[in-house]
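**Q** coords-v4.csv is reproduced in full below (CSV, C-alpha atoms).
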chain,number,residue,atom,x,y,z
S,17,MET,CA,-195.9,-84.4,-1.9
S,18,LYS,CA,-194.7,-86.5,-4.9
S,19,SER,CA,-191.2,-85.0,-4.6
S,20,LEU,CA,-191.2,-85.6,-0.8
S,21,ALA,CA,-192.2,-89.3,-1.4
S,22,VAL,CA,-189.3,-89.7,-3.9
S,23,SER,CA,-186.8,-88.2,-1.5
S,24,ALA,CA,-187.9,-90.6,1.3
S,25,LEU,CA,-187.7,-93.6,-1.1
S,26,ARG,CA,-184.1,-92.6,-2.1
S,27,GLN,CA,-183.1,-92.4,1.5
S,28,ARG,CA,-184.8,-95.7,2.4
S,29,PHE,CA,-183.4,-97.8,-0.5
S,30,ASP,CA,-179.8,-97.6,-1.5
S,31,GLN,CA,-179.9,-99.8,-4.6
S,32,TYR,CA,-182.3,-99.2,-7.4
S,33,VAL,CA,-182.5,-98.9,-11.2
S,34,ARG,CA,-184.6,-95.7,-11.1
S,35,CYS,CA,-186.3,-93.6,-8.5
S,36,GLY,CA,-188.4,-90.6,-9.4
S,37,PRO,CA,-191.8,-88.9,-9.8
S,38,GLU,CA,-194.3,-89.3,-12.7
S,39,VAL,CA,-192.7,-92.5,-14.0
S,40,THR,CA,-194.5,-94.3,-16.8
S,41,ILE,CA,-195.0,-98.0,-16.2
S,42,GLU,CA,-195.8,-100.6,-18.9
S,43,ILE,CA,-198.9,-102.5,-17.9
S,44,PRO,CA,-199.5,-106.1,-19.2
S,45,ASN,CA,-202.8,-107.3,-20.6
S,46,THR,CA,-205.4,-106.5,-17.9
S,47,PRO,CA,-209.1,-105.9,-17.9
S,48,THR,CA,-208.7,-102.2,-17.3
S,49,LEU,CA,-207.6,-102.0,-21.0
S,50,THR,CA,-204.8,-99.6,-20.0
S,51,ASP,CA,-201.3,-100.0,-21.6
S,52,THR,CA,-199.5,-97.7,-19.3
S,53,ARG,CA,-199.8,-96.0,-15.9
S,54,ARG,CA,-197.9,-93.0,-14.5
S,55,ALA,CA,-196.7,-93.7,-11.0
S,56,ASP,CA,-196.7,-90.6,-8.7
S,57,ALA,CA,-193.5,-91.8,-7.0
S,58,LEU,CA,-191.5,-95.0,-7.9
S,59,VAL,CA,-188.5,-96.8,-6.8
S,60,GLU,CA,-187.6,-99.8,-9.1
S,61,PHE,CA,-185.1,-102.4,-7.9
S,62,LEU,CA,-182.2,-104.0,-9.9
S,63,SER,CA,-184.3,-107.2,-10.3
S,64,GLU,CA,-187.4,-108.9,-8.9
S,65,GLU,CA,-185.1,-111.1,-6.8
S,66,SER,CA,-183.5,-108.1,-5.1
S,67,ASN,CA,-186.6,-107.6,-2.9
S,68,ASN,CA,-188.6,-110.7,-2.4
S,69,TYR,CA,-191.2,-108.7,-0.4
S,70,LEU,CA,-191.9,-105.7,-2.6
S,71,GLY,CA,-191.3,-107.4,-6.0
S,72,ARG,CA,-190.0,-105.2,-8.9
S,73,GLY,CA,-190.4,-102.0,-7.0
S,74,LEU,CA,-192.6,-99.8,-4.8
S,75,ILE,CA,-195.0,-97.2,-6.0
S,76,VAL,CA,-196.4,-94.4,-3.8
S,77,GLU,CA,-199.7,-93.0,-5.1
S,78,VAL,CA,-200.9,-89.8,-3.5
S,79,GLN,CA,-204.6,-89.8,-3.0
S,80,TYR,CA,-205.9,-86.3,-2.7
S,81,ALA,CA,-209.3,-85.5,-1.2
S,82,ASN,CA,-210.5,-84.0,-4.4
S,83,GLU,CA,-209.0,-86.6,-6.8
S,84,ASP,CA,-211.2,-89.3,-8.2
S,85,LYS,CA,-208.8,-92.2,-8.9
S,86,ASP,CA,-210.0,-95.7,-9.4
S,87,ILE,CA,-208.0,-97.2,-6.6
S,88,ASP,CA,-209.0,-100.8,-7.4
S,89,ALA,CA,-208.1,-100.5,-11.1
S,90,VAL,CA,-204.8,-98.7,-10.5
S,91,THR,CA,-203.8,-101.2,-7.8
S,92,HIS,CA,-204.8,-104.1,-10.0
S,93,ASP,CA,-202.5,-102.9,-12.8
S,94,TYR,CA,-199.5,-102.2,-10.6
S,95,LEU,CA,-199.7,-105.6,-8.8
S,96,SER,CA,-200.2,-107.3,-12.2
S,97,ALA,CA,-197.0,-105.7,-13.3
S,98,GLY,CA,-195.2,-106.9,-10.2
S,99,TYR,CA,-195.0,-103.7,-8.2
S,100,SER,CA,-196.1,-103.0,-4.6
S,101,VAL,CA,-198.4,-100.0,-4.0
S,102,TYR,CA,-198.9,-97.7,-1.1
S,103,TRP,CA,-201.8,-95.2,-1.2
S,104,ALA,CA,-200.6,-92.1,0.7
S,105,SER,CA,-202.9,-89.5,2.1
S,106,PRO,CA,-202.1,-85.9,2.9
S,107,GLU,CA,-201.8,-87.0,6.5
S,108,ASP,CA,-198.7,-89.0,5.5
S,109,PHE,CA,-196.8,-85.8,4.9
S,110,THR,CA,-195.4,-82.9,6.9
S,111,ASP,CA,-194.4,-79.6,5.3
S,112,ASP,CA,-190.9,-81.0,4.5
S,113,ARG,CA,-191.0,-84.8,4.5
S,114,PHE,CA,-192.9,-88.0,3.7
S,115,ARG,CA,-193.6,-90.0,6.8
S,116,ILE,CA,-192.3,-93.2,5.4
S,117,GLU,CA,-192.3,-94.9,8.8
S,118,GLU,CA,-196.1,-94.8,8.6
S,119,MET,CA,-196.0,-96.6,5.3
S,120,VAL,CA,-193.7,-99.3,6.7
S,121,ILE,CA,-196.2,-99.9,9.6
S,122,ALA,CA,-199.1,-100.0,7.1
S,123,PHE,CA,-197.3,-102.8,5.1
S,124,ASP,CA,-196.5,-104.6,8.3
S,125,GLN,CA,-200.1,-104.5,9.4
S,126,ARG,CA,-201.4,-105.2,5.9
S,127,ALA,CA,-203.5,-102.1,6.1
S,128,GLU,CA,-206.1,-101.2,3.4
S,129,SER,CA,-203.7,-98.7,2.0
S,130,ALA,CA,-200.7,-101.1,1.5
S,131,PHE,CA,-200.4,-103.8,-1.2
S,132,ALA,CA,-197.2,-105.9,-1.3
S,133,ALA,CA,-196.4,-107.8,-4.5
S,134,SER,CA,-195.5,-110.8,-2.4
S,135,TRP,CA,-198.9,-111.3,-0.8
S,136,ALA,CA,-201.5,-109.0,-2.2
S,137,ASP,CA,-203.8,-110.3,-5.0
S,138,PRO,CA,-204.9,-107.8,-7.6
S,139,PRO,CA,-208.4,-106.5,-6.8
S,140,ASP,CA,-211.3,-108.0,-8.8
S,141,ILE,CA,-212.2,-105.8,-11.8
S,142,ASP,CA,-215.4,-106.1,-13.8
S,143,PRO,CA,-214.1,-106.4,-17.4
S,144,PRO,CA,-215.7,-104.0,-19.9
S,145,GLU,CA,-217.3,-105.4,-23.0
S,146,GLU,CA,-214.4,-103.8,-25.0
S,147,TYR,CA,-212.1,-106.4,-23.5
S,148,LEU,CA,-213.6,-108.9,-25.9
S,149,ASP,CA,-212.3,-106.9,-28.9
S,150,ARG,CA,-208.9,-108.3,-28.2
S,151,PHE,CA,-210.0,-111.6,-29.5
S,152,THR,CA,-209.9,-112.6,-33.2
S,153,ASN,CA,-213.7,-113.0,-33.6
S,154,PRO,CA,-215.3,-111.1,-30.7
S,155,ASP,CA,-218.8,-110.5,-32.2
S,156,LEU,CA,-220.3,-113.7,-30.7
S,157,LEU,CA,-218.3,-113.7,-27.5
S,158,THR,CA,-219.9,-112.5,-24.2
S,159,PHE,CA,-219.3,-112.6,-20.5
S,160,ASP,CA,-223.1,-113.3,-19.9
S,161,ASP,CA,-224.6,-116.7,-20.5
S,162,PRO,CA,-226.3,-116.4,-23.9
S,163,ASN,CA,-228.6,-119.3,-23.2
S,164,PRO,CA,-229.7,-119.0,-19.5
S,165,GLU,CA,-232.9,-121.1,-20.2
S,166,CYS,CA,-230.7,-124.2,-20.6
S,167,SER,CA,-229.9,-126.3,-17.5
S,168,HIS,CA,-226.3,-126.5,-18.5
S,169,THR,CA,-224.3,-129.7,-17.8
S,170,TRP,CA,-220.7,-128.8,-18.5
S,171,ARG,CA,-218.1,-131.3,-19.9
S,172,TYR,CA,-214.5,-130.7,-20.8
S,173,GLY,CA,-213.5,-130.6,-24.4
S,174,GLY,CA,-214.9,-128.0,-26.8
S,175,SER,CA,-214.4,-127.5,-30.5
S,176,ASP,CA,-210.8,-126.4,-30.2
S,177,LEU,CA,-207.8,-127.2,-28.0
S,178,HIS,CA,-207.9,-124.3,-25.6
S,179,ASP,CA,-209.3,-125.8,-22.5
S,180,ARG,CA,-213.0,-125.2,-23.4
S,181,ASP,CA,-216.0,-126.7,-21.7
S,182,PHE,CA,-219.2,-127.5,-23.5
S,183,CYS,CA,-222.8,-128.0,-22.4
S,184,LYS,CA,-224.0,-131.5,-23.3
S,185,HIS,CA,-227.5,-130.1,-23.9
S,186,CYS,CA,-227.1,-127.0,-26.0
S,187,ARG,CA,-223.5,-127.5,-26.9
S,188,LEU,CA,-222.6,-123.9,-25.8
S,189,GLU,CA,-218.9,-123.5,-25.2
S,190,ARG,CA,-217.1,-121.5,-22.6
S,191,TRP,CA,-213.6,-121.0,-21.2
S,192,LYS,CA,-212.1,-119.3,-18.1
S,193,ASP,CA,-210.1,-116.3,-19.0
S,194,ALA,CA,-207.3,-116.1,-16.4
S,195,VAL,CA,-206.6,-112.4,-17.0
S,196,VAL,CA,-210.1,-111.3,-16.0
S,197,ASP,CA,-210.9,-114.4,-13.9
S,198,ALA,CA,-214.3,-114.8,-15.7
S,199,TYR,CA,-216.0,-117.1,-18.1
S,200,ILE,CA,-216.2,-116.1,-21.8
S,201,TYR,CA,-219.1,-117.7,-23.7
S,202,ASP,CA,-219.0,-118.4,-27.4
S,203,GLU,CA,-222.5,-117.8,-28.6
S,204,SER,CA,-221.8,-119.2,-32.1
S,205,THR,CA,-221.5,-122.8,-30.6
S,206,ILE,CA,-225.1,-123.0,-29.4
S,207,LYS,CA,-227.1,-125.8,-31.1
S,208,THR,CA,-230.8,-126.0,-31.2
S,209,ASN,CA,-232.6,-129.4,-30.6
S,210,ALA,CA,-233.0,-129.7,-34.4
S,211,ASP,CA,-229.2,-129.0,-34.9
S,212,VAL,CA,-228.4,-131.7,-32.4
S,213,ALA,CA,-230.8,-134.2,-34.0
S,214,ASP,CA,-229.4,-133.5,-37.4
S,215,ARG,CA,-225.9,-134.0,-36.2
S,216,THR,CA,-226.9,-137.3,-34.5
S,217,ALA,CA,-228.5,-138.5,-37.7
S,218,GLN,CA,-225.4,-137.5,-39.7
S,219,VAL,CA,-223.1,-139.4,-37.4
S,220,ALA,CA,-225.4,-142.5,-37.6
S,221,PHE,CA,-225.4,-142.3,-41.4
S,222,GLU,CA,-221.6,-142.0,-41.6
S,223,GLN,CA,-221.3,-145.0,-39.3
S,224,ARG,CA,-223.6,-147.0,-41.5
S,225,GLU,CA,-221.6,-146.0,-44.6
S,226,LYS,CA,-218.4,-147.1,-43.0
S,227,GLU,CA,-219.9,-150.5,-42.1
S,228,LYS,CA,-221.2,-150.9,-45.6
S,229,LYS,CA,-217.8,-150.2,-47.1
S,230,ARG,CA,-216.2,-152.6,-44.7
S,231,GLU,CA,-218.7,-155.3,-45.7
S,232,ASP,CA,-218.1,-154.7,-49.5
S,233,HIS,CA,-214.3,-154.6,-49.0
S,234,GLN,CA,-212.3,-157.5,-50.5
S,235,HIS,CA,-209.4,-158.4,-48.2
S,236,VAL,CA,-206.0,-158.8,-49.7
S,237,TRP,CA,-204.1,-160.8,-47.2
S,238,GLU,CA,-200.4,-160.4,-46.7
S,239,PRO,CA,-198.4,-162.8,-44.5
S,240,ARG,CA,-197.2,-161.4,-41.2
S,241,ASP,CA,-196.3,-164.4,-39.1
S,242,GLU,CA,-196.9,-168.2,-39.1
S,243,ASN,CA,-200.6,-168.7,-39.9
S,244,ARG,CA,-201.2,-164.9,-39.5
S,245,TYR,CA,-202.1,-162.5,-42.2
S,246,ARG,CA,-203.0,-158.8,-42.4
S,247,CYS,CA,-204.9,-156.7,-44.9
S,248,ARG,CA,-204.1,-153.1,-45.6
S,249,CYS,CA,-207.5,-152.1,-44.2
S,250,GLY,CA,-206.2,-153.2,-40.8
S,251,ALA,CA,-208.1,-156.5,-40.6
S,252,ARG,CA,-206.3,-159.6,-39.4
S,253,LEU,CA,-206.6,-163.3,-40.3
S,254,LYS,CA,-205.4,-166.3,-38.4
S,255,GLU,CA,-205.7,-169.9,-39.3
S,256,HIS,CA,-206.5,-172.0,-36.3
S,257,LYS,CA,-207.4,-175.7,-36.3
S,258,GLY,CA,-208.4,-175.6,-40.0
S,259,GLN,CA,-210.6,-172.5,-39.4
S,260,GLU,CA,-210.0,-168.9,-40.5
S,261,ILE,CA,-210.5,-166.3,-37.8
S,262,ILE,CA,-210.9,-162.7,-39.0
S,263,SER,CA,-210.7,-159.6,-36.8
S,264,ASN,CA,-211.5,-156.1,-38.2
S,265,ASP,CA,-210.0,-154.5,-35.1
S,266,PRO,CA,-206.4,-153.6,-35.9
S,267,PHE,CA,-205.6,-153.4,-32.2
S,268,GLU,CA,-207.2,-156.7,-31.2
S,269,GLY,CA,-204.9,-159.6,-30.7
S,270,LEU,CA,-206.0,-162.9,-32.2
S,271,CYS,CA,-205.8,-165.9,-30.0
Could you render the structure from this file as structure tokens?
**A**
Amino acid sequence: MKSLAVSALRQRFDQYVRCGPEVTIEIPNTPTLTDTRRADALVEFLSEESNNYLGRGLIVEVQYANEDKDIDAVTHDYLSAGYSVYWASPEDFTDDRFRIEEMVIAFDQRAESAFAASWADPPDIDPPEEYLDRFTNPDLLTFDDPNPECSHTWRYGGSDLHDRDFCKHCRLERWKDAVVDAYIYDESTIKTNADVADRTAQVAFEQREKEKKREDHQHVWEPRDENRYRCRCGARLKEHKGQEIISNDPFEGLC
């Protein structure tokens, strides 16, 4: 059946890079954790632009009654790699040919057995926990909310620059992984109430120290303009009607 499918593909398409059975396909980073797939029958075009409907090529997978293939996972990988997929059954074959006209009708009707790269989305796949091993520090990463007791209120802007959200209550951080279309939670970012209180106290202490240093600072004024001076600390001085006006805000204009 694989050979019959290849023969029909060669007759249907006159321009292609390769067309044959049992062709190995490189698979991008997908939640199936598979680096390659072996297509039962493949026709691959000269470029993706050569067939706007089918994409990089067309794969015919033969689904035997006694074969236990994970159709969703295989389809997900092929579509992610830019190939269209048709799942052929034994009824799609006669003794001497692949009934390719039935495949064309299936694509035209968007049947459950036909997936075109131009319109079909890869089926949803539940990512295995092993998927997290691809990250640098996977031990504290999880797909499940590690703090479900918290009534999370999510805000944008976590501890790094990678489009993270954080909960304003427990500080748990998460981000949406586009490959698996699921949130990944970083358990290491959870803060207890004591942690949050300690951090608040630390911030308040640092602010007081800054204000104290500012009060103890002795300005050294350098002329900038007529009746205007500036200290290296950023403070500004202006003489106005015999009075000295000082601003500690380096971005504030003095009137």
**Q** Excluding same-chain residues fewer than 3 positions from Ile41 (chain S), what lies within 12 Å of it counting all atoms listed in the file, as an mmCIF file with C-alpha atoms, keeping the file's coordinate frame?
**A**
data_model
loop_
_atom_site.group_PDB
_atom_site.id
_atom_site.type_symbol
_atom_site.label_atom_id
_atom_site.label_comp_id
_atom_site.auth_asym_id
_atom_site.auth_seq_id
_atom_site.Cartn_x
_atom_site.Cartn_y
_atom_site.Cartn_z
ATOM 1 C CA ARG S 34 -184.600 -95.700 -11.100
ATOM 2 C CA PRO S 37 -191.800 -88.900 -9.800
ATOM 3 C CA GLU S 38 -194.300 -89.300 -12.700
ATOM 4 C CA PRO S 44 -199.500 -106.100 -19.200
ATOM 5 C CA THR S 50 -204.800 -99.600 -20.000
ATOM 6 C CA ASP S 51 -201.300 -100.000 -21.600
ATOM 7 C CA THR S 52 -199.500 -97.700 -19.300
ATOM 8 C CA ARG S 53 -199.800 -96.000 -15.900
ATOM 9 C CA ARG S 54 -197.900 -93.000 -14.500
ATOM 10 C CA ALA S 55 -196.700 -93.700 -11.000
ATOM 11 C CA ASP S 56 -196.700 -90.600 -8.700
ATOM 12 C CA ALA S 57 -193.500 -91.800 -7.000
ATOM 13 C CA LEU S 58 -191.500 -95.000 -7.900
ATOM 14 C CA VAL S 59 -188.500 -96.800 -6.800
ATOM 15 C CA GLU S 60 -187.600 -99.800 -9.100
ATOM 16 C CA ARG S 72 -190.000 -105.200 -8.900
ATOM 17 C CA GLY S 73 -190.400 -102.000 -7.000
ATOM 18 C CA LEU S 74 -192.600 -99.800 -4.800
ATOM 19 C CA ILE S 75 -195.000 -97.200 -6.000
ATOM 20 C CA VAL S 90 -204.800 -98.700 -10.500
ATOM 21 C CA ASP S 93 -202.500 -102.900 -12.800
ATOM 22 C CA TYR S 94 -199.500 -102.200 -10.600
ATOM 23 C CA LEU S 95 -199.700 -105.600 -8.800
ATOM 24 C CA SER S 96 -200.200 -107.300 -12.200
ATOM 25 C CA ALA S 97 -197.000 -105.700 -13.300
ATOM 26 C CA GLY S 98 -195.200 -106.900 -10.200
ATOM 27 C CA TYR S 99 -195.000 -103.700 -8.200
#
**Q** What gap, in Å, lies between CA of Thr158 (chain S) and CA of Asp86 (chain S)?
**A** 24.5 Å
**Q** Write out as a PyMOL selection string which residues come within 12 Å of Asp202 (chain S) when counting all atoms listed in the file, dropping same-chain ones fewer than 3 positions away.
**A** chain S and resi 148+151+153-163+174-176+180-183+186-192+199+205-207
**Q** State, in Å with one decimal place, the distance from CA of Thr91 (chain S) to CA of Leu70 (chain S).
**A**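 The value is 13.7 Å.
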**Q** May I ask for the distance between CA of His185 (chain S) and CA of Pro143 (chain S), given in Å to one decimal place?
**A**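 Distance reported for this atom pair: 28.0 Å.
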**Q** Between S:Ile262, S:Ala194, S:Ala251, S:Leu49, which is the closest to Asp149 (chain S) once you count all atoms listed in the file?
**A**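 Result for the nearest residue to Asp149 (chain S): S:Leu49.
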**Q** Kindly indicate which residue among S:Ala21, S:Trp170, S:Asp88, S:Val236 lies nearest to Met119 (chain S), using only C-alpha atoms for the distances.
**A**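 Smallest distance to Met119 (chain S) is found for S:Ala21.
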**Q** Just checking: using only C-alpha atoms, which residue out of S:Arg171, S:Arg115, S:Arg126, S:His235 ends up closest to Val101 (chain S)?
**A**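 Nearest candidate to Val101 (chain S) out of S:Arg171, S:Arg115, S:Arg126, S:His235: S:Arg126.
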**Q** Taking only C-alpha atoms into account, which of S:Arg150, S:Lys18, S:Lys184, S:His92 comes nearest Asp112 (chain S)?
**A**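 Closest residue, counting only C-alpha atoms: S:Lys18.
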**Q** Using only C-alpha atoms, find the one residue out of S:Asn67, S:Gln79, S:Asn45, S:Gln27 that sits nearest to Ile116 (chain S).
**A** S:Gln27
**Q** Tell me, as a PyMOL selection string, which residues lie within 6 Å of Val22 (chain S), counting only C-alpha atoms; anything in the same chain fewer than 2 positions away does not count.
**A** chain S and resi 19-20+24-25+36+57
**Q** For region 140-168 of chain S, supply N, CA and C atoms and report the output as a short mmCIF file (atom, residue, chain, number, x, y, z; two decimals), in the coordinates of the input.
**A**
data_model
loop_
_atom_site.label_atom_id
_atom_site.label_comp_id
_atom_site.auth_asym_id
_atom_site.auth_seq_id
_atom_site.Cartn_x
_atom_site.Cartn_y
_atom_site.Cartn_z
N ASP S 140 -210.39 -107.53 -7.74
CA ASP S 140 -211.30 -108.00 -8.80
C ASP S 140 -211.75 -106.75 -9.62
N ILE S 141 -211.73 -106.89 -10.93
CA ILE S 141 -212.20 -105.80 -11.80
C ILE S 141 -213.26 -106.39 -12.75
N ASP S 142 -214.38 -105.68 -12.85
CA ASP S 142 -215.40 -106.10 -13.80
C ASP S 142 -214.91 -105.73 -15.21
N PRO S 143 -214.68 -106.74 -16.06
CA PRO S 143 -214.10 -106.40 -17.40
C PRO S 143 -215.16 -105.74 -18.26
N PRO S 144 -214.78 -104.68 -18.94
CA PRO S 144 -215.70 -104.00 -19.90
C PRO S 144 -215.90 -104.89 -21.12
N GLU S 145 -216.99 -104.67 -21.82
CA GLU S 145 -217.30 -105.40 -23.00
C GLU S 145 -216.15 -105.22 -24.08
N GLU S 146 -215.48 -104.05 -24.02
CA GLU S 146 -214.40 -103.80 -25.00
C GLU S 146 -213.25 -104.74 -24.84
N TYR S 147 -213.17 -105.41 -23.69
CA TYR S 147 -212.10 -106.40 -23.50
C TYR S 147 -212.16 -107.49 -24.55
N LEU S 148 -213.37 -107.84 -24.94
CA LEU S 148 -213.60 -108.90 -25.90
C LEU S 148 -213.04 -108.57 -27.28
N ASP S 149 -212.86 -107.28 -27.54
CA ASP S 149 -212.30 -106.90 -28.90
C ASP S 149 -210.92 -107.34 -29.08
N ARG S 150 -210.25 -107.79 -28.02
CA ARG S 150 -208.90 -108.30 -28.20
C ARG S 150 -208.83 -109.67 -28.79
N PHE S 151 -209.97 -110.32 -28.92
CA PHE S 151 -210.00 -111.60 -29.50
C PHE S 151 -210.22 -111.53 -31.02
N THR S 152 -209.89 -112.62 -31.73
CA THR S 152 -209.90 -112.60 -33.20
C THR S 152 -211.35 -112.39 -33.71
N ASN S 153 -212.32 -113.11 -33.13
CA ASN S 153 -213.70 -113.00 -33.60
C ASN S 153 -214.58 -112.67 -32.36
N PRO S 154 -214.63 -111.40 -31.96
CA PRO S 154 -215.30 -111.10 -30.70
C PRO S 154 -216.80 -110.89 -30.81
N ASP S 155 -217.37 -110.85 -32.04
CA ASP S 155 -218.80 -110.50 -32.20
C ASP S 155 -219.72 -111.40 -31.42
N LEU S 156 -219.39 -112.70 -31.34
CA LEU S 156 -220.30 -113.70 -30.70
C LEU S 156 -219.76 -114.12 -29.36
N LEU S 157 -218.81 -113.37 -28.78
CA LEU S 157 -218.30 -113.70 -27.50
C LEU S 157 -218.99 -112.77 -26.43
N THR S 158 -219.24 -113.31 -25.24
CA THR S 158 -219.90 -112.50 -24.20
C THR S 158 -219.52 -113.05 -22.84
N PHE S 159 -219.57 -112.15 -21.84
CA PHE S 159 -219.30 -112.60 -20.50
C PHE S 159 -220.62 -113.11 -19.83
N ASP S 160 -221.76 -112.83 -20.44
CA ASP S 160 -223.10 -113.30 -19.90
C ASP S 160 -223.50 -114.53 -20.64
N ASP S 161 -224.11 -115.46 -19.91
CA ASP S 161 -224.60 -116.70 -20.50
C ASP S 161 -225.65 -116.37 -21.57
N PRO S 162 -225.38 -116.68 -22.84
CA PRO S 162 -226.30 -116.40 -23.90
C PRO S 162 -227.54 -117.31 -23.96
N ASN S 163 -227.52 -118.36 -23.18
CA ASN S 163 -228.60 -119.30 -23.20
C ASN S 163 -228.98 -119.72 -21.76
N PRO S 164 -229.46 -118.75 -20.95
CA PRO S 164 -229.70 -119.00 -19.50
C PRO S 164 -230.89 -119.99 -19.32
N GLU S 165 -231.74 -120.20 -20.34
CA GLU S 165 -232.90 -121.10 -20.20
C GLU S 165 -232.42 -122.57 -20.09
N CYS S 166 -231.21 -122.85 -20.57
CA CYS S 166 -230.70 -124.20 -20.60
C CYS S 166 -230.15 -124.57 -19.20
N SER S 167 -230.49 -125.76 -18.73
CA SER S 167 -229.90 -126.30 -17.50
C SER S 167 -228.57 -126.91 -17.82
N HIS S 168 -227.54 -126.09 -17.93
CA HIS S 168 -226.30 -126.50 -18.50
C HIS S 168 -225.67 -127.67 -17.63
#
